[in-house]
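protein32.txt, holding compact mmCIF, C-alpha atoms and all ligand atoms:
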# COMPACT_ATOMS: atom_id res chain seq x y z
CA MET A 1 0.00 0.00 0.00
CA LYS A 2 1.53 3.31 -1.13
CA VAL A 3 0.39 6.35 0.79
CA LEU A 4 1.22 9.93 -0.12
CA ILE A 5 0.92 12.40 2.76
CA HIS A 6 0.70 16.13 2.04
CA GLY A 7 2.10 18.22 4.91
CA ALA A 8 4.87 17.55 7.44
CA GLY A 9 3.29 19.15 10.49
CA VAL A 10 2.39 17.09 13.52
CA ALA A 11 -0.66 15.61 11.74
CA GLY A 12 1.36 14.42 8.73
CA LEU A 13 4.32 13.08 10.71
CA THR A 14 2.23 11.15 13.24
CA LEU A 15 0.20 9.61 10.41
CA ALA A 16 3.43 8.67 8.60
CA PHE A 17 4.63 6.98 11.79
CA GLU A 18 1.41 5.01 12.31
CA LEU A 19 1.38 3.87 8.68
CA ALA A 20 5.09 3.03 8.44
CA THR A 21 4.90 1.07 11.70
CA ARG A 22 2.13 -1.02 10.14
CA GLY A 23 4.16 -1.71 6.98
CA ALA A 24 2.82 0.88 4.52
CA ASP A 25 5.07 2.47 1.87
CA VAL A 26 4.91 6.17 2.83
CA THR A 27 6.04 9.37 1.12
CA VAL A 28 5.58 12.80 2.72
CA ILE A 29 5.60 15.94 0.58
CA GLU A 30 5.94 19.29 2.30
CA LYS A 31 5.52 22.69 0.70
CA ARG A 32 8.15 24.30 2.91
CA ARG A 33 11.85 23.64 2.50
CA GLN A 34 12.23 22.29 6.02
CA ILE A 35 10.34 21.15 9.12
CA ALA A 36 10.09 24.58 10.68
CA GLY A 37 7.79 27.55 10.72
CA ASN A 38 4.40 25.81 10.57
CA ALA A 39 1.82 25.83 13.39
CA SER A 40 3.36 22.69 14.89
CA TRP A 41 6.76 24.39 15.12
CA GLN A 42 5.31 27.27 17.16
CA ALA A 43 3.47 25.03 19.64
CA GLY A 44 4.11 24.80 23.36
CA GLY A 45 4.21 21.01 23.18
CA MET A 46 1.98 20.57 26.22
CA LEU A 47 0.23 17.21 26.52
CA ALA A 48 -2.40 18.53 28.88
CA PRO A 49 -5.79 16.84 28.40
CA TRP A 50 -7.04 17.54 31.94
CA CYS A 51 -6.19 21.26 31.86
CA GLU A 52 -7.52 21.67 28.32
CA ARG A 53 -10.86 20.23 29.45
CA GLU A 54 -11.41 23.59 31.13
CA SER A 55 -12.45 25.01 27.76
CA ALA A 56 -12.68 21.92 25.54
CA GLU A 57 -15.22 19.16 24.98
CA GLU A 58 -14.87 15.71 26.55
CA PRO A 59 -13.19 14.02 23.51
CA VAL A 60 -10.10 16.15 24.12
CA LEU A 61 -9.64 14.27 27.40
CA SER A 62 -10.63 10.80 26.21
CA LEU A 63 -8.61 11.02 22.95
CA GLY A 64 -5.67 12.84 24.53
CA ARG A 65 -5.00 10.95 27.75
CA ASP A 66 -2.75 8.38 25.97
CA ALA A 67 -0.83 10.96 23.96
CA ALA A 68 2.19 11.03 26.31
CA ASP A 69 2.47 7.24 26.02
CA TRP A 70 2.30 7.45 22.22
CA TRP A 71 5.06 10.07 22.08
CA SER A 72 7.20 8.20 24.63
CA ALA A 73 6.97 5.02 22.56
CA ALA A 74 7.64 6.82 19.27
CA LEU A 75 10.42 9.05 20.61
CA PRO A 76 11.92 7.65 23.81
CA GLY A 77 13.42 10.35 26.00
CA HIS A 78 11.46 13.30 24.53
CA VAL A 79 8.48 13.36 26.90
CA MET A 80 8.79 15.06 30.28
CA ARG A 81 6.16 13.70 32.66
CA ASN A 82 6.33 16.36 35.36
CA GLY A 83 2.69 17.44 35.31
CA THR A 84 1.28 20.98 34.98
CA LEU A 85 1.04 23.65 37.66
CA VAL A 86 -1.83 26.15 37.49
CA VAL A 87 -1.55 29.37 39.49
CA ALA A 88 -3.32 32.74 39.68
CA PRO A 89 -2.30 36.12 41.06
CA ALA A 90 -3.96 36.84 44.42
CA ARG A 91 -6.46 39.27 42.85
CA ASP A 92 -7.58 36.54 40.40
CA ALA A 93 -7.87 33.73 42.97
CA ALA A 94 -11.50 33.15 41.91
CA GLU A 95 -10.14 32.06 38.52
CA LEU A 96 -8.41 29.14 40.22
CA ASP A 97 -11.70 27.98 41.75
CA ARG A 98 -13.44 28.34 38.39
CA PHE A 99 -10.68 26.36 36.65
CA GLY A 100 -10.93 23.63 39.30
CA ARG A 101 -14.70 23.36 38.87
CA ARG A 102 -14.32 22.77 35.15
CA THR A 103 -11.51 20.19 35.34
CA SER A 104 -10.49 16.97 37.11
CA GLY A 105 -7.29 15.03 37.73
CA PHE A 106 -5.62 17.64 39.98
CA ARG A 107 -4.80 18.21 43.60
CA SER A 108 -4.71 21.56 45.38
CA LEU A 109 -1.39 22.80 46.69
CA ASP A 110 -0.57 25.37 49.35
CA THR A 111 2.46 27.69 49.33
CA GLU A 112 4.78 25.08 50.80
CA ALA A 113 3.74 22.38 48.39
CA ILE A 114 4.20 24.80 45.47
CA ALA A 115 7.72 25.58 46.69
CA ALA A 116 8.49 21.87 47.01
CA LEU A 117 7.58 21.36 43.35
CA GLU A 118 8.94 24.61 41.93
CA PRO A 119 11.44 26.18 44.36
CA ASP A 120 11.72 29.34 42.23
CA LEU A 121 8.01 30.03 42.79
CA GLU A 122 8.39 29.93 46.58
CA SER A 123 6.06 32.45 48.28
CA ARG A 124 4.82 33.81 44.97
CA PHE A 125 1.37 32.14 45.04
CA GLY A 126 -0.86 31.10 47.94
CA ARG A 127 -2.54 28.23 46.13
CA ALA A 128 -2.16 26.17 42.98
CA LEU A 129 -3.69 23.22 41.16
CA PHE A 130 -1.31 20.41 40.21
CA PHE A 131 -2.20 18.09 37.32
CA ALA A 132 0.29 15.31 37.96
CA GLY A 133 -0.72 13.14 34.98
CA GLU A 134 0.22 15.72 32.33
CA ALA A 135 3.39 15.95 30.29
CA HIS A 136 5.19 18.08 27.73
CA LEU A 137 7.78 17.84 24.96
CA ASP A 138 9.74 20.29 22.85
CA PRO A 139 8.18 20.41 19.36
CA ARG A 140 11.45 21.68 17.89
CA LYS A 141 13.15 18.49 19.02
CA ALA A 142 10.21 16.11 18.62
CA LEU A 143 9.34 17.04 15.02
CA PRO A 144 12.87 16.66 13.58
CA GLY A 145 13.35 13.60 15.82
CA LEU A 146 10.25 11.98 14.37
CA GLN A 147 11.30 12.86 10.83
CA GLU A 148 14.72 11.30 11.40
CA LYS A 149 13.11 8.17 12.78
CA LEU A 150 10.72 8.00 9.82
CA VAL A 151 13.63 8.21 7.37
CA GLN A 152 15.25 5.29 9.19
CA MET A 153 11.97 3.39 8.79
CA GLY A 154 12.08 3.96 5.02
CA VAL A 155 9.68 6.93 4.72
CA ARG A 156 10.64 9.31 1.88
CA PHE A 157 10.44 13.09 2.31
CA GLU A 158 10.23 15.69 -0.45
CA PHE A 159 10.49 19.31 0.64
CA GLY A 160 9.58 22.36 -1.38
CA TYR A 161 6.59 20.84 -3.21
CA GLY A 162 2.99 22.06 -3.39
CA THR A 163 0.07 19.72 -3.86
CA ALA A 164 -0.04 20.63 -7.54
CA SER A 165 3.32 18.92 -8.08
CA LYS A 166 1.87 15.47 -7.28
CA PRO A 167 5.10 13.69 -8.15
CA TYR A 168 3.94 10.23 -7.01
CA VAL A 169 1.22 7.78 -7.84
CA ALA A 170 -0.26 6.46 -4.60
CA ASP A 171 -3.00 4.04 -3.56
CA PHE A 172 -4.14 6.55 -0.96
CA GLU A 173 -3.51 10.26 -0.36
CA ALA A 174 -3.72 12.04 2.97
CA ASP A 175 -4.23 15.78 3.27
CA CYS A 176 -2.48 17.02 6.43
CA THR A 177 -1.92 20.58 5.26
CA GLY A 178 -3.43 22.32 8.30
CA ILE A 179 -4.88 25.75 7.67
CA ALA A 180 -3.90 25.56 3.97
CA ALA A 181 -6.38 22.73 3.32
CA ALA A 182 -9.17 23.64 0.93
CA GLN A 183 -12.00 23.08 3.40
CA PRO A 184 -14.76 25.69 3.61
CA THR A 185 -15.55 24.81 7.25
CA LEU A 186 -11.98 25.42 8.41
CA ARG A 187 -11.09 28.64 10.24
CA GLY A 188 -7.80 29.96 11.57
CA VAL A 189 -7.09 30.82 15.21
CA ARG A 190 -3.93 32.85 15.39
CA GLY A 191 -1.53 32.02 18.20
CA GLU A 192 1.37 34.30 19.10
CA MET A 193 4.24 33.27 21.34
CA LEU A 194 7.61 34.37 22.67
CA ILE A 195 10.78 32.56 23.54
CA LEU A 196 12.74 33.96 26.48
CA ARG A 197 16.15 32.97 27.75
CA THR A 198 17.29 33.39 31.33
CA SER A 199 19.36 31.41 33.78
CA GLU A 200 17.68 33.25 36.68
CA VAL A 201 14.54 31.09 36.69
CA SER A 202 14.25 27.35 36.70
CA LEU A 203 10.97 25.46 36.16
CA ALA A 204 10.45 21.71 35.84
CA ARG A 205 7.04 21.82 34.18
CA PRO A 206 4.62 24.06 32.28
CA VAL A 207 3.04 26.67 34.52
CA ARG A 208 -0.30 28.20 33.58
CA LEU A 209 -1.07 31.65 34.93
CA LEU A 210 -4.81 32.29 35.04
CA HIS A 211 -6.24 35.67 34.23
CA PRO A 212 -9.85 36.50 33.27
CA ARG A 213 -8.78 38.06 29.95
CA ILE A 214 -5.44 36.58 28.94
CA PRO A 215 -4.55 33.24 30.52
CA VAL A 216 -0.99 32.32 29.53
CA TYR A 217 1.50 29.58 30.10
CA VAL A 218 5.26 29.27 30.37
CA VAL A 219 6.84 26.05 29.16
CA PRO A 220 10.46 25.37 30.16
CA ARG A 221 12.87 24.07 27.51
CA SER A 222 16.51 23.07 27.63
CA GLY A 223 19.20 25.75 27.31
CA ASN A 224 17.48 28.13 29.76
CA LEU A 225 14.71 28.74 27.23
CA PHE A 226 11.04 29.38 28.08
CA MET A 227 8.20 29.36 25.59
CA VAL A 228 5.54 31.88 26.62
CA GLY A 229 2.17 31.45 24.94
CA ALA A 230 -0.19 32.00 23.52
CA THR A 231 -2.77 34.39 22.16
CA MET A 232 -6.06 33.10 20.72
CA ILE A 233 -7.20 35.43 17.97
CA GLU A 234 -9.97 34.47 15.56
CA CYS A 235 -8.18 35.16 12.30
CA ASP A 236 -5.95 33.31 9.87
CA ALA A 237 -3.40 36.10 9.32
CA ALA A 238 0.11 34.81 9.95
CA GLY A 239 1.83 38.22 9.95
CA PRO A 240 4.25 39.36 12.66
CA ILE A 241 3.25 39.44 16.32
CA THR A 242 1.61 42.67 17.48
CA ALA A 243 3.11 45.02 20.06
CA ARG A 244 0.06 44.46 22.28
CA SER A 245 0.58 40.70 22.28
CA VAL A 246 4.27 41.06 23.11
CA MET A 247 3.33 43.34 26.03
CA GLU A 248 0.63 40.99 27.33
CA LEU A 249 2.78 37.88 27.10
CA LEU A 250 5.75 39.64 28.72
CA ASN A 251 3.52 41.04 31.47
CA ALA A 252 2.27 37.55 32.24
CA ALA A 253 5.77 36.09 32.33
CA TYR A 254 6.83 38.94 34.63
CA ALA A 255 3.83 38.26 36.89
CA LEU A 256 4.90 34.64 37.14
CA HIS A 257 8.45 35.61 38.11
CA PRO A 258 10.06 39.07 38.01
CA ALA A 259 13.36 37.59 36.78
CA PHE A 260 11.67 37.17 33.39
CA GLY A 261 11.90 40.96 33.17
CA GLU A 262 15.66 40.58 32.73
CA ALA A 263 15.40 37.67 30.29
CA GLU A 264 16.55 37.90 26.67
CA LEU A 265 13.67 37.96 24.21
CA VAL A 266 15.19 35.59 21.67
CA GLU A 267 12.21 34.99 19.40
CA THR A 268 8.63 35.94 18.67
CA GLY A 269 6.46 33.61 16.62
CA VAL A 270 3.02 33.23 15.09
CA GLY A 271 1.16 30.06 14.16
CA VAL A 272 -2.34 29.65 12.75
CA ARG A 273 -4.26 26.82 14.39
CA PRO A 274 -6.65 25.02 12.05
CA ALA A 275 -10.11 24.68 13.64
CA VAL A 276 -13.70 23.78 12.81
CA ALA A 277 -16.89 24.94 14.55
CA ASP A 278 -16.73 22.65 17.61
CA ASN A 279 -12.91 22.93 17.92
CA LEU A 280 -12.56 19.14 17.69
CA PRO A 281 -10.35 17.44 15.08
CA ARG A 282 -11.67 15.38 12.19
CA VAL A 283 -10.53 12.43 10.09
CA GLU A 284 -12.58 12.49 6.90
CA ARG A 285 -12.40 10.04 4.03
CA ASP A 286 -13.59 10.44 0.48
CA GLY A 287 -12.72 7.34 -1.58
CA LYS A 288 -8.92 7.03 -1.70
CA ASN A 289 -8.41 10.42 -0.08
CA ILE A 290 -8.30 11.10 3.62
CA CYS A 291 -7.91 14.33 5.55
CA ILE A 292 -6.80 14.96 9.14
CA ASN A 293 -7.52 18.49 10.24
CA GLY A 294 -9.02 20.79 12.86
CA LEU A 295 -6.39 20.04 15.50
CA TYR A 296 -6.90 23.56 16.90
CA ARG A 297 -5.02 23.96 20.27
CA HIS A 298 -4.39 20.22 20.49
CA GLY A 299 -2.04 19.16 17.70
CA PHE A 300 0.49 17.29 19.85
CA LEU A 301 -2.22 16.09 22.19
CA LEU A 302 -4.66 14.69 19.64
CA ALA A 303 -2.62 13.94 16.49
CA PRO A 304 -1.67 10.44 17.74
CA ALA A 305 -5.35 9.46 18.16
CA MET A 306 -6.23 10.99 14.78
CA ALA A 307 -3.28 9.23 13.11
CA ARG A 308 -4.42 5.88 14.54
CA GLN A 309 -7.96 6.44 13.26
CA ALA A 310 -6.73 7.48 9.82
CA ALA A 311 -4.31 4.54 9.58
CA ASP A 312 -7.15 2.16 10.52
CA MET A 313 -9.30 3.67 7.78
CA ILE A 314 -6.53 3.52 5.17
CA LEU A 315 -5.31 0.02 5.95
CA GLY A 316 -8.81 -1.25 6.76
CA HIS A 317 -9.87 0.00 3.36
CA GLU A 318 -7.04 -2.02 1.84
CA ASP A 319 -8.33 -5.16 3.60
CA GLU A 320 -11.82 -4.46 2.19
CA GLU A 321 -10.32 -4.48 -1.28
CA GLY A 322 -8.42 -7.69 -0.59
CA ALA A 323 -5.02 -6.08 -1.12
CA ARG A 324 -1.81 -6.98 0.68
CA PRO A 325 -1.67 -5.38 4.17
C1 LIG A 401 1.30 29.28 19.65
C2 LIG A 401 0.73 27.89 19.61
C3 LIG A 401 0.85 27.08 20.71
C4 LIG A 401 0.34 25.77 20.67
N1 LIG A 401 0.55 24.96 21.75
C5 LIG A 401 0.12 23.66 21.69
C6 LIG A 401 0.38 22.78 22.75
O1 LIG A 401 1.03 23.15 23.75
N2 LIG A 401 -0.07 21.49 22.66
C7 LIG A 401 -0.74 21.03 21.57
O2 LIG A 401 -1.12 19.84 21.55
N3 LIG A 401 -1.02 21.87 20.53
C8 LIG A 401 -0.60 23.16 20.57
N4 LIG A 401 -0.86 24.01 19.53
C9 LIG A 401 -1.69 23.55 18.41
C10 LIG A 401 -0.89 22.82 17.37
O3 LIG A 401 0.28 23.51 17.09
C11 LIG A 401 -1.72 22.65 16.09
O4 LIG A 401 -2.93 22.02 16.39
C12 LIG A 401 -0.98 21.79 15.08
O5 LIG A 401 0.28 22.33 14.84
C13 LIG A 401 -1.70 21.62 13.76
O6 LIG A 401 -0.91 20.70 13.04
P1 LIG A 401 -1.10 20.43 11.50
O7 LIG A 401 -0.13 19.36 11.14
O8 LIG A 401 -2.55 20.22 11.21
O9 LIG A 401 -0.72 21.82 10.79
P2 LIG A 401 0.72 22.47 10.51
O10 LIG A 401 1.63 22.29 11.64
O11 LIG A 401 0.46 23.87 10.05
O12 LIG A 401 1.29 21.60 9.31
C14 LIG A 401 0.71 21.66 8.01
C15 LIG A 401 1.86 21.52 7.03
O13 LIG A 401 1.35 21.38 5.71
C16 LIG A 401 2.19 22.11 4.84
N5 LIG A 401 1.45 22.40 3.60
C17 LIG A 401 0.53 23.37 3.39
N6 LIG A 401 0.09 23.28 2.11
C18 LIG A 401 0.73 22.25 1.54
C19 LIG A 401 0.68 21.64 0.26
N7 LIG A 401 -0.13 22.11 -0.70
N8 LIG A 401 1.51 20.58 -0.02
C20 LIG A 401 2.33 20.09 0.94
N9 LIG A 401 2.43 20.62 2.19
C21 LIG A 401 1.61 21.68 2.48
C22 LIG A 401 2.55 23.34 5.64
O14 LIG A 401 3.72 23.96 5.11
C23 LIG A 401 2.78 22.74 7.01
O15 LIG A 401 4.12 22.33 7.21
C24 LIG A 401 -0.35 25.31 19.52
C25 LIG A 401 -0.48 26.15 18.41
C26 LIG A 401 0.06 27.42 18.44
C27 LIG A 401 -0.06 28.29 17.22
File written out as structure tokens:
Amino acid sequence: MKVLIHGAGVAGLTLAFELATRGADVTVIEKRRQIAGNASWQAGGMLAPWCERESAEEPVLSLGRDAADWWSAALPGHVMRNGTLVVAPARDAAELDRFGRRTSGFRSLDTEAIAALEPDLESRFGRALFFAGEAHLDPRKALPGLQEKLVQMGVRFEFGYGTASKPYVADFEADCTGIAAAQPTLRGVRGEMLILRTSEVSLARPVRLLHPRIPVYVVPRSGNLFMVGATMIECDAAGPITARSVMELLNAAYALHPAFGEAELVETGVGVRPAVADNLPRVERDGKNICINGLYRHGFLLAPAMARQAADMILGHEDEEGARP
């Protein structure tokens, strides 16, 4: 079974992995010249199904709870299973109660317990929620790592092609082109982020800072880097980050820890999340074409489940036709 996948974001790469693992002959074509710059590249890499349930429907939890296991099996050593800490400034303490009412899978921490988990946050917050079952990874290591693994498994990559090039004849084609897919129901949700560098703060896990208007998170990465994200703006413009968003994200990082005020601002980035009306992802099949899209805020969290579903449909279809698995 020859499968041609369009798009080397997290949807395309996870599908390639599921298919290659099950013996399919896979080629991935990617419009860009490298695995960088797409929505997946800008992501925080949080695998946070319990926290996301605060604003998402139930399938985000049921489809996402095994994501950390999937990534650990695919890329040993990339997943950090340190949980998520959720805090709020004293004036927004009600936000913490609201967040707790809408979620599960956490325990409440007092100041001492917060300091035991994150010594650099000692005395900064009176209460927190700790979601011990959550995890995170660094997309900028995981995506190239997955590509390298796929090449070792025999998957071919062609960079710099658009769909129009169609250089291969395949038994099945998969559209994983994110916001570029020609789907009338798709909308873009712009997400802006910053990367800061400082050796003055150390965090072991993503920390979410609640705020009624702009909840943000800080995700620690190696090399004293911190990803600060992310705005949620209903538009598909991918132009440069706005001054307002830089100010809001920096303010939030500073509220989490004043040492971020002295950090180097090493990068700003913008990604457009592909979403449909209910903000849940879809695997849709039309004959020998399949499409994975609508991953919205949950690309790393839900792509493994979507890739499994799509691989079942592709390879199950092959069985229906009596072809070689
Ligand atoms: C700031 C930000 C933070 C986020 N944080 C998280 C997080 O912490 N956890 C999480 O799970 N999710 C997170 N997300 C969401 C996640 O990034 C997206 O859901 C996910 O990246 C969507 O993946 P995708 O593969 O569908 O799209 P993309 O990553 O955009 O990939 C689509 C690819 O298709 C290529 N392409 C387009 N047209 C063609 C064509 N004609 N031919 C070939 N290739 C084509 C594009 O160049 C691109 O590489 C975040 C998103 C943003 C923006």
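Of note, atom C10 of ligand LIG 401 (chain A) and CA of Lys31 in chain A are spaced 17.9 Å apart.
Considering only C-alpha atoms and all ligand atoms, the residue among A:Asn251, A:Ser104, A:Gln183, A:Asn293 positioned nearest to ligand LIG 401 (chain A) is A:Asn293.
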So that I can see what lies close to Cys176 in chain A, please list as JSON, numbers by chain the residues with an atom at most 10 Å from it, counting all atoms listed in the file and leaving out residues fewer than 3 positions away in the same chain. {"A": [5, 6, 7, 8, 9, 10, 11, 12, 13, 15, 28, 30, 173, 179, 180, 181, 283, 290, 291, 292, 293, 294]}
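When atom O12 of ligand LIG 401 (chain A) is paired with CA of Arg33 in chain A, their separation reads 12.7 Å.
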Which residue of A:Phe159, A:Phe17, A:Phe300, A:Phe131 approaches ligand LIG 401 (chain A) most closely, using all atoms listed in the file: A:Phe300
